[in-house]
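Peer 1: Contents of model.txt (compact mmCIF, C-alpha atoms) are given next:
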# COMPACT_ATOMS: atom_id res chain seq x y z
CA MET A 1 42.24 87.65 291.71
CA THR A 2 41.70 86.92 295.40
CA ILE A 3 42.78 83.71 297.13
CA SER A 4 39.14 82.69 297.36
CA GLU A 5 38.60 83.23 293.64
CA LEU A 6 41.73 81.25 292.78
CA SER A 7 40.63 78.44 295.09
CA ASN A 8 37.23 78.28 293.44
CA GLN A 9 38.77 78.25 289.96
CA LEU A 10 41.08 75.35 290.82
CA ALA A 11 38.25 73.42 292.48
CA ASP A 12 36.12 73.92 289.36
CA ALA A 13 39.00 72.65 287.19
CA VAL A 14 39.31 69.48 289.28
CA ALA A 15 35.55 68.89 289.17
CA ALA A 16 35.49 69.29 285.38
CA ALA A 17 38.29 66.73 284.92
CA SER A 18 37.23 64.26 287.60
CA GLY A 19 35.10 62.02 285.37
CA SER A 20 38.02 61.38 283.02
CA ILE A 21 40.46 59.98 285.61
CA VAL A 22 40.56 56.18 286.07
CA GLY A 23 42.61 53.60 287.90
CA VAL A 24 44.87 51.27 285.90
CA GLY A 25 45.95 47.90 287.25
CA HIS A 26 47.04 47.53 290.86
CA GLY A 27 49.02 50.73 291.18
CA GLY A 28 48.51 53.23 288.39
CA THR A 29 46.22 55.85 286.97
CA GLY A 30 44.97 56.64 283.46
CA VAL A 31 43.19 59.38 281.55
CA ILE A 32 40.24 59.02 279.18
CA VAL A 33 41.32 60.98 276.09
CA ALA A 34 38.68 59.75 273.61
CA ASP A 35 35.69 57.43 273.49
CA GLY A 36 37.03 53.98 274.34
CA LEU A 37 40.66 55.14 274.78
CA VAL A 38 42.69 55.58 277.97
CA VAL A 39 46.27 56.85 278.12
CA THR A 40 48.63 55.70 280.88
CA ASN A 41 52.30 54.90 281.47
CA ALA A 42 53.76 51.79 279.87
CA HIS A 43 55.23 50.73 283.21
CA ASN A 44 51.68 50.31 284.59
CA LEU A 45 50.94 47.44 282.21
CA ARG A 46 50.74 43.80 283.29
CA GLU A 47 49.58 40.65 281.48
CA GLN A 48 45.94 41.55 282.10
CA VAL A 49 45.07 45.21 282.48
CA GLU A 50 41.98 46.25 284.40
CA VAL A 51 40.62 49.80 284.31
CA PHE A 52 38.81 51.01 287.43
CA PHE A 53 36.19 53.71 286.93
CA PRO A 54 34.73 56.14 289.47
CA GLY A 55 31.97 54.35 291.34
CA SER A 56 33.89 51.03 291.68
CA SER A 57 33.03 49.58 288.25
CA ARG A 58 35.84 47.96 286.29
CA GLU A 59 36.54 46.71 282.77
CA THR A 60 39.31 44.59 281.25
CA ALA A 61 41.27 46.55 278.66
CA THR A 62 43.32 45.56 275.65
CA VAL A 63 46.55 47.31 274.68
CA PRO A 64 46.62 48.32 271.02
CA GLY A 65 50.01 49.97 271.45
CA ALA A 66 52.68 50.56 274.11
CA ASP A 67 55.82 52.65 273.71
CA VAL A 68 58.01 51.15 276.43
CA ASP A 69 60.98 53.40 275.70
CA GLY A 70 58.78 56.50 275.90
CA ASP A 71 56.77 55.16 278.89
CA LEU A 72 53.43 55.71 277.17
CA ALA A 73 50.59 53.28 276.45
CA VAL A 74 47.09 53.43 275.03
CA LEU A 75 44.35 51.15 276.34
CA SER A 76 41.20 50.18 274.49
CA VAL A 77 38.31 49.82 276.94
CA ALA A 78 34.58 50.49 277.11
CA THR A 79 34.38 53.96 278.66
CA GLY A 80 30.61 54.30 278.25
CA ALA A 81 29.28 57.83 278.60
CA ARG A 82 32.24 58.98 280.65
CA PRO A 83 33.80 62.20 279.30
CA SER A 84 37.22 62.49 277.70
CA LEU A 85 39.55 65.12 279.08
CA GLN A 86 40.03 68.22 276.94
CA TRP A 87 43.55 68.62 275.61
CA ARG A 88 45.30 71.91 276.14
CA PRO A 89 46.28 73.44 272.76
CA ALA A 90 49.80 72.37 271.81
CA GLU A 91 50.80 75.97 271.09
CA ALA A 92 49.98 76.95 274.70
CA THR A 93 53.34 75.77 276.00
CA PRO A 94 53.75 75.39 279.77
CA ARG A 95 55.59 78.16 281.58
CA LEU A 96 57.92 78.06 284.57
CA GLY A 97 55.93 78.94 287.66
CA GLU A 98 52.57 78.08 286.11
CA VAL A 99 50.04 76.61 288.55
CA VAL A 100 49.22 72.97 287.79
CA ILE A 101 47.10 70.24 289.36
CA GLY A 102 48.00 66.55 289.49
CA LEU A 103 45.10 64.09 289.51
CA SER A 104 45.04 60.39 290.32
CA ALA A 105 42.64 57.59 291.22
CA PRO A 106 44.58 54.34 291.74
CA ARG A 107 42.33 51.24 291.62
CA GLY A 108 39.37 53.51 290.99
CA GLY A 109 39.52 54.93 294.50
CA ALA A 110 38.54 58.44 295.47
CA LEU A 111 39.96 61.13 293.21
CA ARG A 112 43.08 62.74 294.63
CA ALA A 113 44.39 66.16 293.66
CA GLY A 114 47.60 68.04 294.40
CA VAL A 115 48.41 71.64 293.46
CA GLY A 116 51.89 72.82 292.54
CA PHE A 117 53.95 74.75 290.02
CA VAL A 118 55.91 73.97 286.88
CA SER A 119 59.46 73.86 288.25
CA ALA A 120 61.50 72.86 285.18
CA LEU A 121 61.11 72.26 281.44
CA ASP A 122 62.80 69.91 278.97
CA VAL A 123 63.93 67.41 281.60
CA ALA A 124 65.32 63.99 280.63
CA PHE A 125 64.68 60.74 282.52
CA ARG A 126 65.21 57.01 282.12
CA GLY A 127 62.21 55.14 280.77
CA PRO A 128 61.25 51.63 281.95
CA GLY A 129 63.23 50.13 279.07
CA GLY A 130 66.41 51.97 280.13
CA SER A 131 66.34 54.49 277.30
CA THR A 132 66.45 58.23 277.86
CA VAL A 133 63.13 60.09 277.52
CA THR A 134 63.60 63.77 276.75
CA GLY A 135 61.37 66.84 276.94
CA ALA A 136 59.62 66.05 280.23
CA LEU A 137 57.98 68.68 282.42
CA GLU A 138 58.87 68.84 286.13
CA HIS A 139 56.33 70.05 288.68
CA THR A 140 55.86 70.28 292.44
CA ALA A 141 52.25 69.04 292.80
CA PRO A 142 52.24 66.47 295.64
CA LEU A 143 50.93 63.13 294.39
CA ALA A 144 50.22 59.91 296.24
CA ARG A 145 51.52 56.45 295.37
CA GLY A 146 49.72 55.13 292.29
CA SER A 147 49.59 58.50 290.50
CA SER A 148 51.77 57.54 287.54
CA GLY A 149 49.82 57.71 284.29
CA GLY A 150 47.43 60.27 285.73
CA ALA A 151 46.63 63.73 284.43
CA LEU A 152 48.45 66.96 285.00
CA ILE A 153 45.94 69.73 284.28
CA ASP A 154 46.15 73.49 284.04
CA GLY A 155 44.03 76.04 285.87
CA GLU A 156 41.25 75.63 283.32
CA GLY A 157 41.00 71.87 283.75
CA ARG A 158 42.70 70.99 280.45
CA LEU A 159 45.19 68.14 280.03
CA LEU A 160 48.70 69.56 280.26
CA GLY A 161 50.65 66.32 280.66
CA ILE A 162 50.72 62.64 281.67
CA ASN A 163 52.46 62.13 285.03
CA THR A 164 55.22 59.52 284.98
CA HIS A 165 57.09 59.19 288.28
CA ARG A 166 58.45 60.98 291.32
CA GLN A 167 62.07 62.08 291.35
CA GLY A 168 64.40 61.63 294.30
CA ASP A 169 63.95 65.24 295.39
CA GLY A 170 60.17 64.84 295.63
CA SER A 171 59.22 66.63 292.41
CA TYR A 172 57.21 64.80 289.75
CA LEU A 173 57.79 64.44 286.02
CA ALA A 174 55.15 64.50 283.30
CA ILE A 175 55.13 63.94 279.54
CA PRO A 176 53.80 67.32 278.29
CA VAL A 177 50.92 67.76 275.89
CA GLU A 178 52.15 68.84 272.48
CA ALA A 179 51.39 68.07 268.87
CA GLN A 180 53.84 65.17 268.94
CA LEU A 181 52.16 63.60 271.98
CA LYS A 182 48.77 63.62 270.26
CA GLU A 183 50.34 62.00 267.22
CA ARG A 184 51.98 59.37 269.42
CA VAL A 185 48.69 58.56 271.14
CA GLU A 186 46.85 58.30 267.83
CA ALA A 187 49.57 56.06 266.37
CA LEU A 188 49.57 53.79 269.44
CA SER A 189 45.77 53.50 269.24
CA ARG A 190 46.31 52.10 265.72
CA GLY A 191 48.91 49.66 266.98
CA GLU A 192 51.86 51.61 265.53
CA VAL A 193 54.75 51.37 267.98
CA PRO A 194 57.67 53.78 267.38
CA ARG A 195 61.12 52.44 266.61
CA ARG A 196 63.89 54.67 267.89
CA PRO A 197 67.44 54.65 266.53
CA ARG A 198 69.68 52.43 268.66
CA LEU A 199 73.43 52.21 268.45
CA GLY A 200 73.72 48.92 270.32
CA VAL A 201 76.41 49.96 272.80
CA ALA A 202 77.04 50.15 276.53
CA LEU A 203 78.68 53.40 277.56
CA ALA A 204 80.83 54.65 280.41
CA PRO A 205 80.03 58.13 281.79
CA PRO A 206 82.42 60.98 280.83
CA ARG A 207 84.17 60.96 284.22
CA ALA A 208 84.94 57.25 283.92
CA ALA A 209 86.05 57.73 280.31
CA ARG A 210 88.57 60.41 281.33
CA ARG A 211 89.92 58.24 284.14
CA LEU A 212 90.29 55.17 281.93
CA ARG A 213 92.05 57.08 279.15
CA GLN A 214 94.42 58.63 281.66
CA ALA A 215 95.16 55.20 283.15
CA VAL A 216 96.47 53.91 279.79
CA GLY A 217 98.39 57.06 278.98
CA LEU A 218 96.02 58.53 276.38
CA PRO A 219 95.46 62.29 276.10
CA PRO A 220 92.28 63.65 277.73
CA ARG A 221 89.25 64.08 275.48
CA GLU A 222 85.59 64.77 276.18
CA GLY A 223 83.20 62.08 274.99
CA LEU A 224 81.46 58.81 275.80
CA LEU A 225 83.52 55.64 276.12
CA VAL A 226 82.15 52.51 274.48
CA GLN A 227 82.44 49.63 276.94
CA ALA A 228 80.64 46.94 274.93
CA VAL A 229 79.15 46.57 271.45
CA ASP A 230 76.16 44.43 270.57
CA PRO A 231 77.44 42.25 267.68
CA HIS A 232 74.03 42.52 265.98
CA GLY A 233 73.57 46.27 266.49
CA ALA A 234 73.98 49.31 264.26
CA ALA A 235 77.30 50.31 265.87
CA ALA A 236 78.85 46.91 265.20
CA ARG A 237 77.77 47.03 261.55
CA ALA A 238 79.51 50.41 261.26
CA GLY A 239 82.75 49.04 262.72
CA MET A 240 82.62 50.51 266.22
CA ARG A 241 84.69 48.73 268.86
CA PRO A 242 84.91 48.63 272.66
CA GLY A 243 87.31 51.34 273.77
CA ASP A 244 86.16 53.84 271.11
CA LEU A 245 85.32 57.31 272.39
CA ILE A 246 82.25 58.94 270.79
CA VAL A 247 82.86 62.70 270.60
CA SER A 248 80.26 63.99 268.11
CA VAL A 249 77.26 63.08 265.94
CA ASN A 250 76.77 64.96 262.67
CA GLY A 251 79.14 67.63 263.94
CA THR A 252 77.39 68.09 267.30
CA ALA A 253 79.57 67.38 270.33
CA VAL A 254 78.16 64.84 272.80
CA ALA A 255 79.37 64.90 276.39
CA SER A 256 76.49 62.98 278.02
CA VAL A 257 74.21 60.06 277.23
CA ASP A 258 71.24 62.45 277.07
CA GLU A 259 72.97 64.59 274.43
CA LEU A 260 73.83 61.48 272.43
CA VAL A 261 70.22 60.25 272.51
CA ARG A 262 68.89 63.62 271.33
CA THR A 263 71.31 63.89 268.44
CA LEU A 264 70.78 60.27 267.39
CA GLU A 265 67.00 60.78 267.28
CA VAL A 266 67.43 63.71 264.89
CA ALA A 267 70.07 61.92 262.85
CA GLY A 268 67.99 58.74 262.66
CA GLU A 269 65.08 60.67 261.14
CA ASN A 270 67.23 62.21 258.44
CA GLY A 271 69.38 59.28 257.34
CA PRO A 272 72.75 57.88 258.42
CA ALA A 273 74.43 59.36 261.49
CA GLU A 274 78.01 60.49 260.98
CA LEU A 275 79.91 59.78 264.19
CA LEU A 276 83.36 61.07 265.05
CA ILE A 277 85.14 58.69 267.37
CA VAL A 278 88.60 58.63 268.92
CA ARG A 279 90.31 55.25 268.75
CA GLY A 280 93.38 55.46 270.91
CA ALA A 281 94.77 58.85 269.89
CA GLU A 282 93.42 58.77 266.32
CA GLU A 283 90.19 60.38 265.10
CA VAL A 284 88.00 58.10 262.98
CA ALA A 285 84.78 59.01 261.15
CA ILE A 286 82.14 56.28 260.81
CA SER A 287 78.69 56.29 259.25
CA VAL A 288 75.94 54.50 261.19
CA ARG A 289 72.77 53.30 259.47
CA PHE A 290 69.91 52.32 261.77
CA ASP A 291 67.64 49.31 261.37
CA ARG A 292 64.20 50.90 260.98
CA ALA A 293 62.60 47.62 262.05
CA GLY A 294 64.13 48.22 265.46
CA ALA A 295 66.22 45.05 265.62
CA ALA A 296 69.31 46.80 266.96
CA GLU A 297 69.40 46.94 270.74
CA GLU A 298 71.49 49.17 272.97
CA GLY A 299 72.79 49.36 276.50
CA THR A 300 72.61 52.92 277.71
CA ALA A 301 72.57 54.99 274.52
How does this structure look as structure tokens?
Peer 2:
Amino acid sequence: MTISELSNQLADAVAAASGSIVGVGHGGTGVIVADGLVVTNAHNLREQVEVFFPGSSRETATVPGADVDGDLAVLSVATGARPSLQWRPAEATPRLGEVVIGLSAPRGGALRAGVGFVSALDVAFRGPGGSTVTGALEHTAPLARGSSGGALIDGEGRLLGINTHRQGDGSYLAIPVEAQLKERVEALSRGEVPRRPRLGVALAPPRAARRLRQAVGLPPREGLLVQAVDPHGAAARAGMRPGDLIVSVNGTAVASVDELVRTLEVAGENGPAELLIVRGAEEVAISVRFDRAGAAEEGTA
């Protein structure tokens, strides 16, 4: 394929997707994914959400469901005859080096497009609620301010991901299209907000944990140091205390907050989580049962 042919293909992809990109609120973007439904980031939401369409028209939207921890929201709004963006098949997983296009239209302004490459897969980031969001896609498409919630499309103009935010190094993160994302969008459109397992603890990073244990004469051990425990959380009900060191969940070692979040999500789906903690110099096994109603809150894990 020549450079000219590639350029034409990418321009055609942008043109095909252009009618599905909308502005959300004062500084975000959204994507029409079905008749009357727009997907955006949860952090774009305000008390009253306006959706700006190409051509300067606007409509007030309602929010049937917002997953703050996962930074995803679904808006219900009259989209008229505007097209919904075609989803890329979930089995067509993104590849490192794949060419991608980021699209945005903050406040319904002119469509903006940036071309880049998939630069990393399975990246974790902090959501607006402070929880860790896993499985993000990192790309290098340059995007202007107000692009969060917009579409990341592939070379055929299909939705590959929902852009979230720019990282400090200039790359952008997106929530990738997969079977689970479709299920999440459909559930949010029905008003079903996910409840993730929460320990209800504030944690010190591994480096601080090693330093604190050394300061009180305890042997070194990899893990996450519990600094505070929510008295109403799942960890408190299981008997966890400040000063405990979490070293594994269901036999899987955890040396970072991201690893702990991943293992807790799996454990929470399958029943109680069996945590191995170190209290002083003694190993203690505790069983944590999560409140499926989501009442337990957490600090950083």
Peer 1: In terms of the shortest atom-to-atom distance over only C-alpha atoms, which of A:Ala151, A:Ala124, A:Leu137, A:Ala144 is closest to Ile32 (chain A)?
Peer 2: A:Ala151
Peer 1: Would you mind listing, for every residue of region 20-112 of chain A within 7 Å of region 181-199 of chain A, the two atoms forming the shortest contact and the distance between them in Å to one decimal, using all atoms listed in the file, sorted by chain and ascending residue number, as CSV?
Peer 2:
residue,atom,partner,partner_atom,distance
A:Pro64,CA,A:Gly191,CA,4.8
A:Gly65,CA,A:Leu188,CA,4.3
A:Ala66,CA,A:Leu188,CA,6.5
A:Asp67,CA,A:Val193,CA,6.0
A:Val74,CA,A:Ser189,CA,5.9
Peer 1: For region 2-10 of chain A, list every protein, DNA or RNA residue within 8 Å, evaluated using only C-alpha atoms, and leave out those in the same chain fewer than 2 positions away; present the list as JSON, numbers by chain.
Peer 2: {"A": [12, 13, 14, 155, 156, 157]}
Peer 1: Using all atoms listed in the file for the distances, tell me which of A:Glu265, A:Asp69, A:Glu259, A:Glu59 is nearest to Ser131 (chain A).
Peer 2: A:Asp69
Peer 1: Leaving out Glu283 (chain A) and any residue of its chain fewer than 2 positions from it, which residues lie within 12 Å of it when counting only C-alpha atoms, given as number ranges by chain?
Peer 2: A: 221, 244-248, 275-281, 285-286
Peer 1: Go through region 152-270 of chain A residue by residue and, counting all atoms listed in the file, keep those with an atom at most 10 Å from region 108-118 of chain A; for each kept residue give the shortest atom pair and its distance in Å to one decimal, ordered by chain and increasing number, as CSV.
Peer 2:
residue,atom,partner,partner_atom,distance
A:Leu152,CA,A:Gly114,CA,9.5
A:Ile153,CA,A:Val115,CA,9.7
A:Asp154,CA,A:Val115,CA,9.9
A:Gly155,CA,A:Val115,CA,9.8
A:Ser171,CA,A:Gly116,CA,9.6
A:Tyr172,CA,A:Val118,CA,9.7
A:Leu173,CA,A:Val118,CA,9.8
Peer 1: Output C-alpha atoms of each residue in that selection to a file, as a PDB file, in the frame of the given file.
Peer 2:
ATOM      1  CA  LEU A 152      48.450  66.960 285.000  1.00  0.00           C
ATOM      2  CA  ILE A 153      45.940  69.730 284.280  1.00  0.00           C
ATOM      3  CA  ASP A 154      46.150  73.490 284.040  1.00  0.00           C
ATOM      4  CA  GLY A 155      44.030  76.040 285.870  1.00  0.00           C
ATOM      5  CA  SER A 171      59.220  66.630 292.410  1.00  0.00           C
ATOM      6  CA  TYR A 172      57.210  64.800 289.750  1.00  0.00           C
ATOM      7  CA  LEU A 173      57.790  64.440 286.020  1.00  0.00           C
TER       8      LEU A 173
END
Peer 1: Residues near Ala174 (chain A), anyone? I mean within 7 Å using all atoms listed in the file, not counting same-chain ones fewer than 2 positions away, as a list in words.
Peer 2: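 Contacts, with the query itself left out: Ala136, Leu137, Glu138, Gly161, Ile162, Asn163, Thr164, Tyr172 and Pro176 of chain A.
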Peer 1: Just checking: using only C-alpha atoms, which residue out of A:Asp258, A:Gln227, A:Leu143, A:Gly200 ends up closest to Asp122 (chain A)?
Peer 2: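 Residue with the minimum atom-to-atom distance to Asp122 (chain A): A:Asp258.
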Peer 1: So the first atom is CA of Arg213 (chain A) and the second is CA of Pro272 (chain A); what is the distance between them in Å, to one decimal place?
Peer 2: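 Distance between the two atoms: 28.3 Å.
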Peer 1: Kindly give the distance, in Å, that separates CA of Ala208 (chain A) and CA of Phe290 (chain A), rounded to a single decimal.
Peer 2: 27.2 Å
Peer 1: One decimal, Å: what's the distance from CA of Glu98 (chain A) over to CA of Arg158 (chain A), could you say?
Peer 2: 13.4 Å
Peer 1: Between A:Ala105, A:Ala273, A:Leu85, A:Ala34, which residue has the minimum interatomic distance to Ala235 (chain A), considering only C-alpha atoms?
Peer 2: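 Checking each of A:Ala105, A:Ala273, A:Leu85, A:Ala34 against Ala235 (chain A), counting only C-alpha atoms, the winner is A:Ala273.
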Peer 1: Nearest to Gly150 (chain A): which of A:Ala17, A:Val249, A:Leu72, A:Val31 is it, counting all atoms listed in the file?
Peer 2: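 Distance minimum relative to Gly150 (chain A) lands on A:Val31.
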Peer 1: Of the candidates A:Val254, A:Val133, A:Ala90, A:Ala209, which one gets nearest to Gln180 (chain A) if we count all atoms listed in the file?
Peer 2: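 Between A:Val254, A:Val133, A:Ala90, A:Ala209, the residue approaching Gln180 (chain A) most closely is A:Ala90.
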Peer 1: From the block I gave, I'd like region 113-149 of chain A written with N, CA and C atoms, as a PDB file, in the first residue's frame.
Peer 2:
ATOM      1  N   ALA A 113      -9.166  15.047  14.549  1.00  0.00           N
ATOM      2  CA  ALA A 113      -8.647  13.692  14.412  1.00  0.00           C
ATOM      3  C   ALA A 113      -7.137  13.694  14.590  1.00  0.00           C
ATOM      4  N   GLY A 114      -6.635  12.658  15.248  1.00  0.00           N
ATOM      5  CA  GLY A 114      -5.198  12.481  15.411  1.00  0.00           C
ATOM      6  C   GLY A 114      -4.841  11.040  15.132  1.00  0.00           C
ATOM      7  N   VAL A 115      -3.771  10.814  14.395  1.00  0.00           N
ATOM      8  CA  VAL A 115      -3.350   9.463  14.022  1.00  0.00           C
ATOM      9  C   VAL A 115      -2.133   9.052  14.850  1.00  0.00           C
ATOM     10  N   GLY A 116      -2.148   7.819  15.329  1.00  0.00           N
ATOM     11  CA  GLY A 116      -1.019   7.309  16.098  1.00  0.00           C
ATOM     12  C   GLY A 116      -0.965   5.797  16.045  1.00  0.00           C
ATOM     13  N   PHE A 117      -0.295   5.217  17.031  1.00  0.00           N
ATOM     14  CA  PHE A 117      -0.112   3.774  17.090  1.00  0.00           C
ATOM     15  C   PHE A 117      -0.459   3.258  18.484  1.00  0.00           C
ATOM     16  N   VAL A 118      -0.872   2.012  18.562  1.00  0.00           N
ATOM     17  CA  VAL A 118      -1.036   1.370  19.855  1.00  0.00           C
ATOM     18  C   VAL A 118       0.361   1.174  20.436  1.00  0.00           C
ATOM     19  N   SER A 119       0.620   1.783  21.595  1.00  0.00           N
ATOM     20  CA  SER A 119       1.964   1.747  22.172  1.00  0.00           C
ATOM     21  C   SER A 119       2.085   0.823  23.376  1.00  0.00           C
ATOM     22  N   ALA A 120       0.965   0.425  23.974  1.00  0.00           N
ATOM     23  CA  ALA A 120       1.015  -0.500  25.119  1.00  0.00           C
ATOM     24  C   ALA A 120      -0.372  -1.089  25.334  1.00  0.00           C
ATOM     25  N   LEU A 121      -0.397  -2.284  25.901  1.00  0.00           N
ATOM     26  CA  LEU A 121      -1.650  -2.980  26.201  1.00  0.00           C
ATOM     27  C   LEU A 121      -1.719  -3.301  27.687  1.00  0.00           C
ATOM     28  N   ASP A 122      -2.951  -3.495  28.182  1.00  0.00           N
ATOM     29  CA  ASP A 122      -3.179  -3.885  29.571  1.00  0.00           C
ATOM     30  C   ASP A 122      -2.514  -2.927  30.558  1.00  0.00           C
ATOM     31  N   VAL A 123      -2.812  -1.646  30.388  1.00  0.00           N
ATOM     32  CA  VAL A 123      -2.266  -0.603  31.251  1.00  0.00           C
ATOM     33  C   VAL A 123      -3.282  -0.285  32.346  1.00  0.00           C
ATOM     34  N   ALA A 124      -2.810  -0.006  33.544  1.00  0.00           N
ATOM     35  CA  ALA A 124      -3.692   0.358  34.662  1.00  0.00           C
ATOM     36  C   ALA A 124      -3.607   1.861  34.914  1.00  0.00           C
ATOM     37  N   PHE A 125      -4.723   2.458  35.343  1.00  0.00           N
ATOM     38  CA  PHE A 125      -4.719   3.874  35.700  1.00  0.00           C
ATOM     39  C   PHE A 125      -5.723   4.110  36.816  1.00  0.00           C
ATOM     40  N   ARG A 126      -5.630   5.267  37.448  1.00  0.00           N
ATOM     41  CA  ARG A 126      -6.540   5.646  38.519  1.00  0.00           C
ATOM     42  C   ARG A 126      -7.792   6.282  37.932  1.00  0.00           C
ATOM     43  N   GLY A 127      -8.947   5.751  38.282  1.00  0.00           N
ATOM     44  CA  GLY A 127     -10.201   6.323  37.834  1.00  0.00           C
ATOM     45  C   GLY A 127     -10.547   7.549  38.652  1.00  0.00           C
ATOM     46  N   PRO A 128     -11.599   8.280  38.280  1.00  0.00           N
ATOM     47  CA  PRO A 128     -11.965   9.508  38.990  1.00  0.00           C
ATOM     48  C   PRO A 128     -12.352   9.271  40.437  1.00  0.00           C
ATOM     49  N   GLY A 129     -12.757   8.037  40.777  1.00  0.00           N
ATOM     50  CA  GLY A 129     -13.097   7.724  42.153  1.00  0.00           C
ATOM     51  C   GLY A 129     -11.916   7.261  42.974  1.00  0.00           C
ATOM     52  N   GLY A 130     -10.705   7.210  42.350  1.00  0.00           N
ATOM     53  CA  GLY A 130      -9.504   6.794  43.059  1.00  0.00           C
ATOM     54  C   GLY A 130      -9.180   5.328  42.920  1.00  0.00           C
ATOM     55  N   SER A 131     -10.089   4.539  42.368  1.00  0.00           N
ATOM     56  CA  SER A 131      -9.843   3.114  42.201  1.00  0.00           C
ATOM     57  C   SER A 131      -9.001   2.854  40.959  1.00  0.00           C
ATOM     58  N   THR A 132      -8.339   1.710  40.945  1.00  0.00           N
ATOM     59  CA  THR A 132      -7.517   1.335  39.807  1.00  0.00           C
ATOM     60  C   THR A 132      -8.376   0.731  38.709  1.00  0.00           C
ATOM     61  N   VAL A 133      -8.209   1.232  37.487  1.00  0.00           N
ATOM     62  CA  VAL A 133      -8.876   0.681  36.306  1.00  0.00           C
ATOM     63  C   VAL A 133      -7.831  -0.090  35.520  1.00  0.00           C
ATOM     64  N   THR A 134      -8.087  -1.333  35.240  1.00  0.00           N
ATOM     65  CA  THR A 134      -7.105  -2.176  34.565  1.00  0.00           C
ATOM     66  C   THR A 134      -7.513  -2.440  33.112  1.00  0.00           C
ATOM     67  N   GLY A 135      -6.552  -2.932  32.326  1.00  0.00           N
ATOM     68  CA  GLY A 135      -6.834  -3.367  30.965  1.00  0.00           C
ATOM     69  C   GLY A 135      -6.921  -2.272  29.933  1.00  0.00           C
ATOM     70  N   ALA A 136      -6.434  -1.057  30.249  1.00  0.00           N
ATOM     71  CA  ALA A 136      -6.516   0.042  29.287  1.00  0.00           C
ATOM     72  C   ALA A 136      -5.528  -0.147  28.143  1.00  0.00           C
ATOM     73  N   LEU A 137      -5.803   0.543  27.062  1.00  0.00           N
ATOM     74  CA  LEU A 137      -4.966   0.547  25.863  1.00  0.00           C
ATOM     75  C   LEU A 137      -4.280   1.907  25.791  1.00  0.00           C
ATOM     76  N   GLU A 138      -2.971   1.913  25.564  1.00  0.00           N
ATOM     77  CA  GLU A 138      -2.220   3.162  25.428  1.00  0.00           C
ATOM     78  C   GLU A 138      -1.914   3.407  23.952  1.00  0.00           C
ATOM     79  N   HIS A 139      -2.078   4.673  23.511  1.00  0.00           N
ATOM     80  CA  HIS A 139      -1.780   4.984  22.117  1.00  0.00           C
ATOM     81  C   HIS A 139      -1.141   6.360  22.006  1.00  0.00           C
ATOM     82  N   THR A 140      -0.600   6.647  20.831  1.00  0.00           N
ATOM     83  CA  THR A 140       0.155   7.884  20.625  1.00  0.00           C
ATOM     84  C   THR A 140      -0.577   8.906  19.774  1.00  0.00           C
ATOM     85  N   ALA A 141      -1.857   8.683  19.456  1.00  0.00           N
ATOM     86  CA  ALA A 141      -2.595   9.654  18.642  1.00  0.00           C
ATOM     87  C   ALA A 141      -2.697  10.982  19.393  1.00  0.00           C
ATOM     88  N   PRO A 142      -2.235  12.090  18.790  1.00  0.00           N
ATOM     89  CA  PRO A 142      -2.336  13.388  19.468  1.00  0.00           C
ATOM     90  C   PRO A 142      -3.787  13.852  19.531  1.00  0.00           C
ATOM     91  N   LEU A 143      -4.223  14.241  20.722  1.00  0.00           N
ATOM     92  CA  LEU A 143      -5.608  14.653  20.918  1.00  0.00           C
ATOM     93  C   LEU A 143      -5.651  15.968  21.677  1.00  0.00           C
ATOM     94  N   ALA A 144      -6.571  16.835  21.279  1.00  0.00           N
ATOM     95  CA  ALA A 144      -6.686  18.145  21.898  1.00  0.00           C
ATOM     96  C   ALA A 144      -7.434  18.068  23.224  1.00  0.00           C
ATOM     97  N   ARG A 145      -7.370  19.141  23.998  1.00  0.00           N
ATOM     98  CA  ARG A 145      -8.138  19.218  25.242  1.00  0.00           C
ATOM     99  C   ARG A 145      -9.625  19.019  24.939  1.00  0.00           C
ATOM    100  N   GLY A 146     -10.309  18.246  25.782  1.00  0.00           N
ATOM    101  CA  GLY A 146     -11.721  17.972  25.551  1.00  0.00           C
ATOM    102  C   GLY A 146     -11.978  16.685  24.789  1.00  0.00           C
ATOM    103  N   SER A 147     -10.926  15.867  24.618  1.00  0.00           N
ATOM    104  CA  SER A 147     -11.069  14.627  23.843  1.00  0.00           C
ATOM    105  C   SER A 147     -11.503  13.437  24.677  1.00  0.00           C
ATOM    106  N   SER A 148     -11.480  13.558  26.011  1.00  0.00           N
ATOM    107  CA  SER A 148     -11.838  12.411  26.843  1.00  0.00           C
ATOM    108  C   SER A 148     -13.287  12.015  26.594  1.00  0.00           C
ATOM    109  N   GLY A 149     -13.515  10.709  26.479  1.00  0.00           N
ATOM    110  CA  GLY A 149     -14.831  10.192  26.170  1.00  0.00           C
ATOM    111  C   GLY A 149     -15.061  10.003  24.686  1.00  0.00           C
TER     112      GLY A 149
END
